[in-house]
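Peer 1: Structure below; questions to follow.
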Amino acid sequence: MIILEEERLKALFAYNLLDTEAEKQYDAITNLACYICNTKMAVISLIDDHRMWIKSKAGTDLCEIPKNLSFCKYTIRQNSLLEIPDTLLDERVKNHPFVTGENAVRYYAGIALINPEGYALGTICVFDEVPNALNDKQKQALQFLAEETVMHMEAFKKNRELKALVEKQQQFQSLFNNSGEIHCISDREGKIAFINGSAEQLLGYKAEEFLGRSLLDFCAPNDQQMMQNLQQSFARGEDKFEFLTKMVTKNGDIRWFSINNVNQNNLWLSNARDVTKEILAERELKQLSLVASHVNSGVIINDANNKILWVNKAFKKITGFDLAEVKGKKLRNVLVGEQSDKKLLAFAEEQSNLKTAFQIEVLGYKKSTEPIWLSIVNSIIPDDNETGKSIEIIEDVSERKQADAEMQTLSVAVQKSAAGVLVRDGGERVIWMNEALEQLLGWQLHELKGLVLTDQFYGEKTNLEQIKIAKQAVLQKKPYEIEAALYSKTGKLVWLSIYNNPLLDDQGNVSRQLSIMTDITLRKNAEQELIRTREEAVQLGRAKETFISVMSHEIRTPINAIIGMSRILLEENPAPAQLDHLNILKFSSENLLKLVNDVLDFTKMETGNMQLESAPVNLKELATQTLHTLSFKLENKKFDLNLVLDPLIPEVVMADSTRLYQILINLLGNAIKFTEQGEVKLSIQLEQENTEAALISFCVSDTGIGIQQDKLQSIFEAYTQASTDTTRKYGGTGLGLTVTKKLIELHQSTIEVKSEYGKGSQFCFKINFEKAASQIQKPVNTFSYKPLEANVLVADDNQINRMLAKKILVKWGIEADFAATGIEAYEMAMVKDYDLILMDLHMPVMDGLEATKMIRKQPQEKYKSIPIIALTGSEFGLDLENLHQEGLTDHFLKPYTPEGLYNKIRPYLHQTETVVP
């Protein structure tokens, strides 16, 4: 139980709702709860490990109460409604202070707020000062309000996660465009398709002046032959190389660039770095190196970036490093060691960057790791080219430094303090630390005394920005307070809260630094665990959407082949002995498709990806066609299938006929499945009407096996049926009623069920339809094919689907070519003119979307205007409202019927006849 409670609390904290401000959407729910349940008070609460915190309230001033005093602690222990009609008669609460005190609570009803992972996060509850009892509709409404509350919480959580992802993407985009190097993408002929903003800073040309041109166009004339040789490398199929070239800026200057090229997916990714200064510095190095060839002191010549170009023989004698080992590195990085004065070295580097001469004495390390005290004198070399080179002279001063290395120590009265205490001098060298700090860091005073504490305590999780803040405060002689992740001598991670205060002498100089350090590792570990849990939840959501997209495509693709081939075989005059088998195959595959659609529709609604359409619908025709569709299921059944239609309902309303048909087919299909004799009836009645809308009720009733009263709510849960006996006898996924309920809720309605076990059931719902502008609906004509003379390219990696498409298209007079990958489709489109392309989005080597983009990038107008229709088994990840931005003209969902495919492609083939859907 302890482990389950910890997991529940983690789930609760992930929403970040505790101690937040009141919000209108939650207040509306509590007010509605009071209204529906006819009670004086209602609250929405979240329950953590010690309190019940109230997010929203109506009729009460409570903000939070201890968990052990709340009625809701009983509510979250069960999945159903907890109702206490009279608190004085309930053993659990009759002696509760809220029951016996002033303004006593005499009635309570609450439902747990259960998130999708099944954790009870809190409750929505109503209570009053008089005894009460809810009827069934009020209980059902309270359950709905609990679900609505969880939906708001989920939406708040997902919006917060989405905002974080968007900010991360914006940071990456800013980093790319503000790079100090040129980055560009070119097609396989070398024509630039994209280039970052650094190109204008380095070469002077605006981004649009590069597009459609090759890097050859910007090379110096005497480098053209070398670039042509590189072009031949392209032709030989080399996909990675680096070269050095001269390029001409817009104002005519010549600059050297090192260019690295990598070919990926027939696109060249190029990175160009300006190396002009390095080239010039290399040419001048020989002249500068003659200055110190025979000097006994170590001599280093640095470039403008303070990187070593040359050292003399004395340098090797002093440090043990030769030129090959240090060239291109900074002196501080070569000689720095565990006990080197990082602050002093940082000061020296700052002076070098400012082109200012300086002299320092610092502890460094030889190649053999032996420590050595060095005197370093830095001078700037006057240079007409302003390259900023410098010379550094180093001498070994170890003997002198060792002579005055002894320092006096100070002692502080906090030796036994539980917090770590550190005392340093004005140069930040360690003078003293107490036993507590020795235990925290694992170092003894004698090991650190006289040293500057720097990166020997840094590690993977050390936030160097916090360290930088501390160093800046020290430079400004100001106190600072930070939290830092440091590492002990054994490598153990220790989180410390560090407060540092500088002590100034009479002249205002820092004489001592006093630091107080407190171990906060336990608190930080808890915070990191919360962050990790939140990140795992985000990754799980992404993985779920990716899985659904892939599975939708992979399941629908073979189903498309099965249904399509069964239709074709039925149309090819099969033998009588085969006809029954083919009909069974067609029926079974279409049933399989329905099951798949139930699962995918359920998922789409769970992820908020389903939207209702609005078009004129004749309700009488829709109902009649629905019953006709189900007539085949009446074989071996001894009951009537009846339709009762109110003559007053409008003839045509605005609705989503597909989803309304899905609701009716699910309810009627269930009624027929569970009924053996008697009657199954669909009743459609007009409830209310005005000039703009009509409220219409739908009821499906049967005389079947009925549902037990304690199962009436659970039948709407995903993958759940009334009993295991029902599953074994009648089959099904247990998703039908779940999908139906959610579809009805999308219509801003609810479904009500009444049932008597063994006698039958009734499912009813009401939908408010907008009236159609015209009450005349266009008659449906019989579908007929008309020949289509066209050249069509079909790209699909499934061989059976290609064969199926070929049989269908040939019947319409279409000449069809086929490609198994995106790259094949692209190559075929480049050598032959097609009137239309059917492009599967999921293919190996190159997917359909990438192939479409490559076709659209071609400069000829025909590639920009050719219709390209996406074939996909999933709409997840496909922006249907912005298809044109991806280069797609339209999309078509698998599996498809020949009629549907014909009507989809017909308008794009520029024929004169009109096809009736």
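As shown in the structure tokens, the chain order sets the letters A, B, ...; within each chain, residues go from 1, and ligands are also counted from 1 in the order they appear.
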What lies within 7 Å of segment 440-457 of chain A using only C-alpha atoms, ignoring chain neighbours under 3 positions off, as a VMD selection string?

Peer 2: chain A and resid 338 to 339 341 to 342 428 to 433 436 to 437 486 to 490

Peer 1: Show which residues sit within 8 Å of segment 95-104 of chain A, as a list in words. Count only C-alpha atoms, and ignore same-chain residues fewer than 6 positions away.

Peer 2: Leu69, Thr87, Leu88 and Glu129 of chain A

Peer 1: Env of segment 664-680 of chain A: 8 Å cut, atoms = only C-alpha atoms, seq-sep filter 5 positions within chain, self excluded. Answer as an MDAnalysis selection string.

Peer 2: chainID A and resid 626 630 633:634 637:642 700:705 730 736:737 740 763

Peer 1: As a PyMOL selection string, please: all residues of segment 322-569 of chain A that backbone DSSP puts in strand (DSSP E or B).

Peer 2: chain A and resi 358-365+371-380+390-396+420-425+429-433+452+480-487+493-504+510-519

Peer 1: Give me the residues near Pro85 of chain A as a list in words, where near means some atom within 9 Å (using only C-alpha atoms) and where sequence neighbours in that chain fewer than 4 positions away do not count.

Peer 2: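 Skipping anything fewer than 4 positions along the chain leaves Leu89, Asp90, Arg106, Tyr107, Tyr108, Ala109, Val130, Pro131, Asn132, Ala133 and Leu134 of chain A.
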
Peer 1: Could you save those same residues with all heavy atoms as a PDB file, in the first residue's frame?

Peer 2:
```pdb
ATOM      1  N   LEU A  89     -25.789   8.825  10.968  1.00  0.00           N
ATOM      2  CA  LEU A  89     -26.100   7.395  10.988  1.00  0.00           C
ATOM      3  C   LEU A  89     -24.942   6.568  10.428  1.00  0.00           C
ATOM      4  O   LEU A  89     -25.057   5.346  10.308  1.00  0.00           O
ATOM      5  CB  LEU A  89     -27.368   7.123  10.175  1.00  0.00           C
ATOM      6  CG  LEU A  89     -28.632   7.865  10.641  1.00  0.00           C
ATOM      7  CD1 LEU A  89     -29.791   7.515   9.733  1.00  0.00           C
ATOM      8  CD2 LEU A  89     -28.946   7.534  12.097  1.00  0.00           C
ATOM      9  N   ASP A  90     -23.853   7.195  10.056  1.00  0.00           N
ATOM     10  CA  ASP A  90     -22.707   6.485   9.453  1.00  0.00           C
ATOM     11  C   ASP A  90     -21.603   6.357  10.501  1.00  0.00           C
ATOM     12  O   ASP A  90     -21.132   7.363  11.054  1.00  0.00           O
ATOM     13  CB  ASP A  90     -22.194   7.244   8.234  1.00  0.00           C
ATOM     14  CG  ASP A  90     -21.219   6.412   7.433  1.00  0.00           C
ATOM     15  OD1 ASP A  90     -20.081   6.238   7.899  1.00  0.00           O
ATOM     16  OD2 ASP A  90     -21.596   5.958   6.340  1.00  0.00           O
ATOM     17  N   ARG A 106     -24.514  17.185   7.271  1.00  0.00           N
ATOM     18  CA  ARG A 106     -25.411  16.038   7.470  1.00  0.00           C
ATOM     19  C   ARG A 106     -25.487  15.149   6.236  1.00  0.00           C
ATOM     20  O   ARG A 106     -25.965  14.016   6.310  1.00  0.00           O
ATOM     21  CB  ARG A 106     -26.807  16.550   7.814  1.00  0.00           C
ATOM     22  CG  ARG A 106     -26.885  17.199   9.200  1.00  0.00           C
ATOM     23  CD  ARG A 106     -26.689  16.195  10.326  1.00  0.00           C
ATOM     24  NE  ARG A 106     -27.608  15.088  10.273  1.00  0.00           N
ATOM     25  CZ  ARG A 106     -28.873  15.131  10.718  1.00  0.00           C
ATOM     26  NH1 ARG A 106     -29.336  16.218  11.286  1.00  0.00           N
ATOM     27  NH2 ARG A 106     -29.647  14.077  10.612  1.00  0.00           N
ATOM     28  N   TYR A 107     -25.001  15.660   5.093  1.00  0.00           N
ATOM     29  CA  TYR A 107     -25.060  14.847   3.860  1.00  0.00           C
ATOM     30  C   TYR A 107     -23.747  15.002   3.086  1.00  0.00           C
ATOM     31  O   TYR A 107     -23.160  16.098   3.028  1.00  0.00           O
ATOM     32  CB  TYR A 107     -26.222  15.292   2.970  1.00  0.00           C
ATOM     33  CG  TYR A 107     -26.215  14.615   1.616  1.00  0.00           C
ATOM     34  CD1 TYR A 107     -26.636  13.294   1.483  1.00  0.00           C
ATOM     35  CD2 TYR A 107     -25.724  15.272   0.494  1.00  0.00           C
ATOM     36  CE1 TYR A 107     -26.591  12.655   0.253  1.00  0.00           C
ATOM     37  CE2 TYR A 107     -25.682  14.641  -0.739  1.00  0.00           C
ATOM     38  CZ  TYR A 107     -26.120  13.326  -0.853  1.00  0.00           C
ATOM     39  OH  TYR A 107     -26.059  12.687  -2.059  1.00  0.00           O
ATOM     40  N   TYR A 108     -23.312  13.906   2.488  1.00  0.00           N
ATOM     41  CA  TYR A 108     -22.069  13.924   1.681  1.00  0.00           C
ATOM     42  C   TYR A 108     -22.180  12.922   0.529  1.00  0.00           C
ATOM     43  O   TYR A 108     -22.684  11.812   0.694  1.00  0.00           O
ATOM     44  CB  TYR A 108     -20.863  13.549   2.543  1.00  0.00           C
ATOM     45  CG  TYR A 108     -19.600  13.340   1.751  1.00  0.00           C
ATOM     46  CD1 TYR A 108     -18.746  14.404   1.464  1.00  0.00           C
ATOM     47  CD2 TYR A 108     -19.251  12.067   1.259  1.00  0.00           C
ATOM     48  CE1 TYR A 108     -17.594  14.217   0.722  1.00  0.00           C
ATOM     49  CE2 TYR A 108     -18.114  11.885   0.507  1.00  0.00           C
ATOM     50  CZ  TYR A 108     -17.289  12.950   0.253  1.00  0.00           C
ATOM     51  OH  TYR A 108     -16.160  12.763  -0.477  1.00  0.00           O
ATOM     52  N   ALA A 109     -21.706  13.351  -0.652  1.00  0.00           N
ATOM     53  CA  ALA A 109     -21.576  12.430  -1.808  1.00  0.00           C
ATOM     54  C   ALA A 109     -20.352  12.854  -2.605  1.00  0.00           C
ATOM     55  O   ALA A 109     -20.170  14.034  -2.891  1.00  0.00           O
ATOM     56  CB  ALA A 109     -22.824  12.465  -2.690  1.00  0.00           C
ATOM     57  N   VAL A 130     -28.350  19.254   5.597  1.00  0.00           N
ATOM     58  CA  VAL A 130     -29.541  18.419   5.838  1.00  0.00           C
ATOM     59  C   VAL A 130     -29.326  17.083   5.137  1.00  0.00           C
ATOM     60  O   VAL A 130     -28.618  16.999   4.134  1.00  0.00           O
ATOM     61  CB  VAL A 130     -30.814  19.096   5.299  1.00  0.00           C
ATOM     62  CG1 VAL A 130     -31.109  20.374   6.062  1.00  0.00           C
ATOM     63  CG2 VAL A 130     -30.680  19.374   3.817  1.00  0.00           C
ATOM     64  N   PRO A 131     -29.936  16.014   5.643  1.00  0.00           N
ATOM     65  CA  PRO A 131     -29.808  14.714   4.968  1.00  0.00           C
ATOM     66  C   PRO A 131     -30.361  14.796   3.540  1.00  0.00           C
ATOM     67  O   PRO A 131     -31.228  15.609   3.223  1.00  0.00           O
ATOM     68  CB  PRO A 131     -30.632  13.765   5.845  1.00  0.00           C
ATOM     69  CG  PRO A 131     -30.633  14.431   7.193  1.00  0.00           C
ATOM     70  CD  PRO A 131     -30.665  15.901   6.935  1.00  0.00           C
ATOM     71  N   ASN A 132     -29.868  13.928   2.692  1.00  0.00           N
ATOM     72  CA  ASN A 132     -30.262  13.985   1.263  1.00  0.00           C
ATOM     73  C   ASN A 132     -29.954  12.630   0.631  1.00  0.00           C
ATOM     74  O   ASN A 132     -29.321  11.760   1.245  1.00  0.00           O
ATOM     75  CB  ASN A 132     -29.479  15.099   0.559  1.00  0.00           C
ATOM     76  CG  ASN A 132     -30.085  15.457  -0.790  1.00  0.00           C
ATOM     77  OD1 ASN A 132     -31.121  14.916  -1.166  1.00  0.00           O
ATOM     78  ND2 ASN A 132     -29.451  16.345  -1.514  1.00  0.00           N
ATOM     79  N   ALA A 133     -30.393  12.459  -0.618  1.00  0.00           N
ATOM     80  CA  ALA A 133     -30.064  11.251  -1.403  1.00  0.00           C
ATOM     81  C   ALA A 133     -30.188  11.610  -2.874  1.00  0.00           C
ATOM     82  O   ALA A 133     -31.142  12.270  -3.298  1.00  0.00           O
ATOM     83  CB  ALA A 133     -30.994  10.094  -1.046  1.00  0.00           C
ATOM     84  N   LEU A 134     -29.179  11.233  -3.671  1.00  0.00           N
ATOM     85  CA  LEU A 134     -29.179  11.522  -5.107  1.00  0.00           C
ATOM     86  C   LEU A 134     -29.955  10.450  -5.853  1.00  0.00           C
ATOM     87  O   LEU A 134     -29.889   9.257  -5.525  1.00  0.00           O
ATOM     88  CB  LEU A 134     -27.752  11.577  -5.645  1.00  0.00           C
ATOM     89  CG  LEU A 134     -26.802  12.595  -5.021  1.00  0.00           C
ATOM     90  CD1 LEU A 134     -25.441  12.516  -5.710  1.00  0.00           C
ATOM     91  CD2 LEU A 134     -27.370  14.001  -5.126  1.00  0.00           C
TER      92      LEU A 134
END
```

Peer 1: Measuring between only C-alpha atoms, which one of A:Asn302, A:Asn333, A:Thr821, A:Ser375 shows the shortest distance to Ile391 of chain A?

Peer 2: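 Looking only at the distances to Ile391 of chain A, the closest residue turns out to be A:Asn302.
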
Peer 1: Kindly give the distance, in Å, that separates atom CA of Pro66 of chain A and atom CA of Ile111 of chain A, rounded to a single decimal.

Peer 2: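 Computing the Euclidean distance for atom CA of Pro66 of chain A and atom CA of Ile111 of chain A yields 18.8 Å.
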
Peer 1: Can you list, as a PyMOL selection string, every protein, DNA or RNA residue that comes within 8 Å of Leu309 of chain A when you count only C-alpha atoms, leaving out same-chain residues fewer than 6 positions away?

Peer 2: chain A and resi 282+285+300-303+327-328
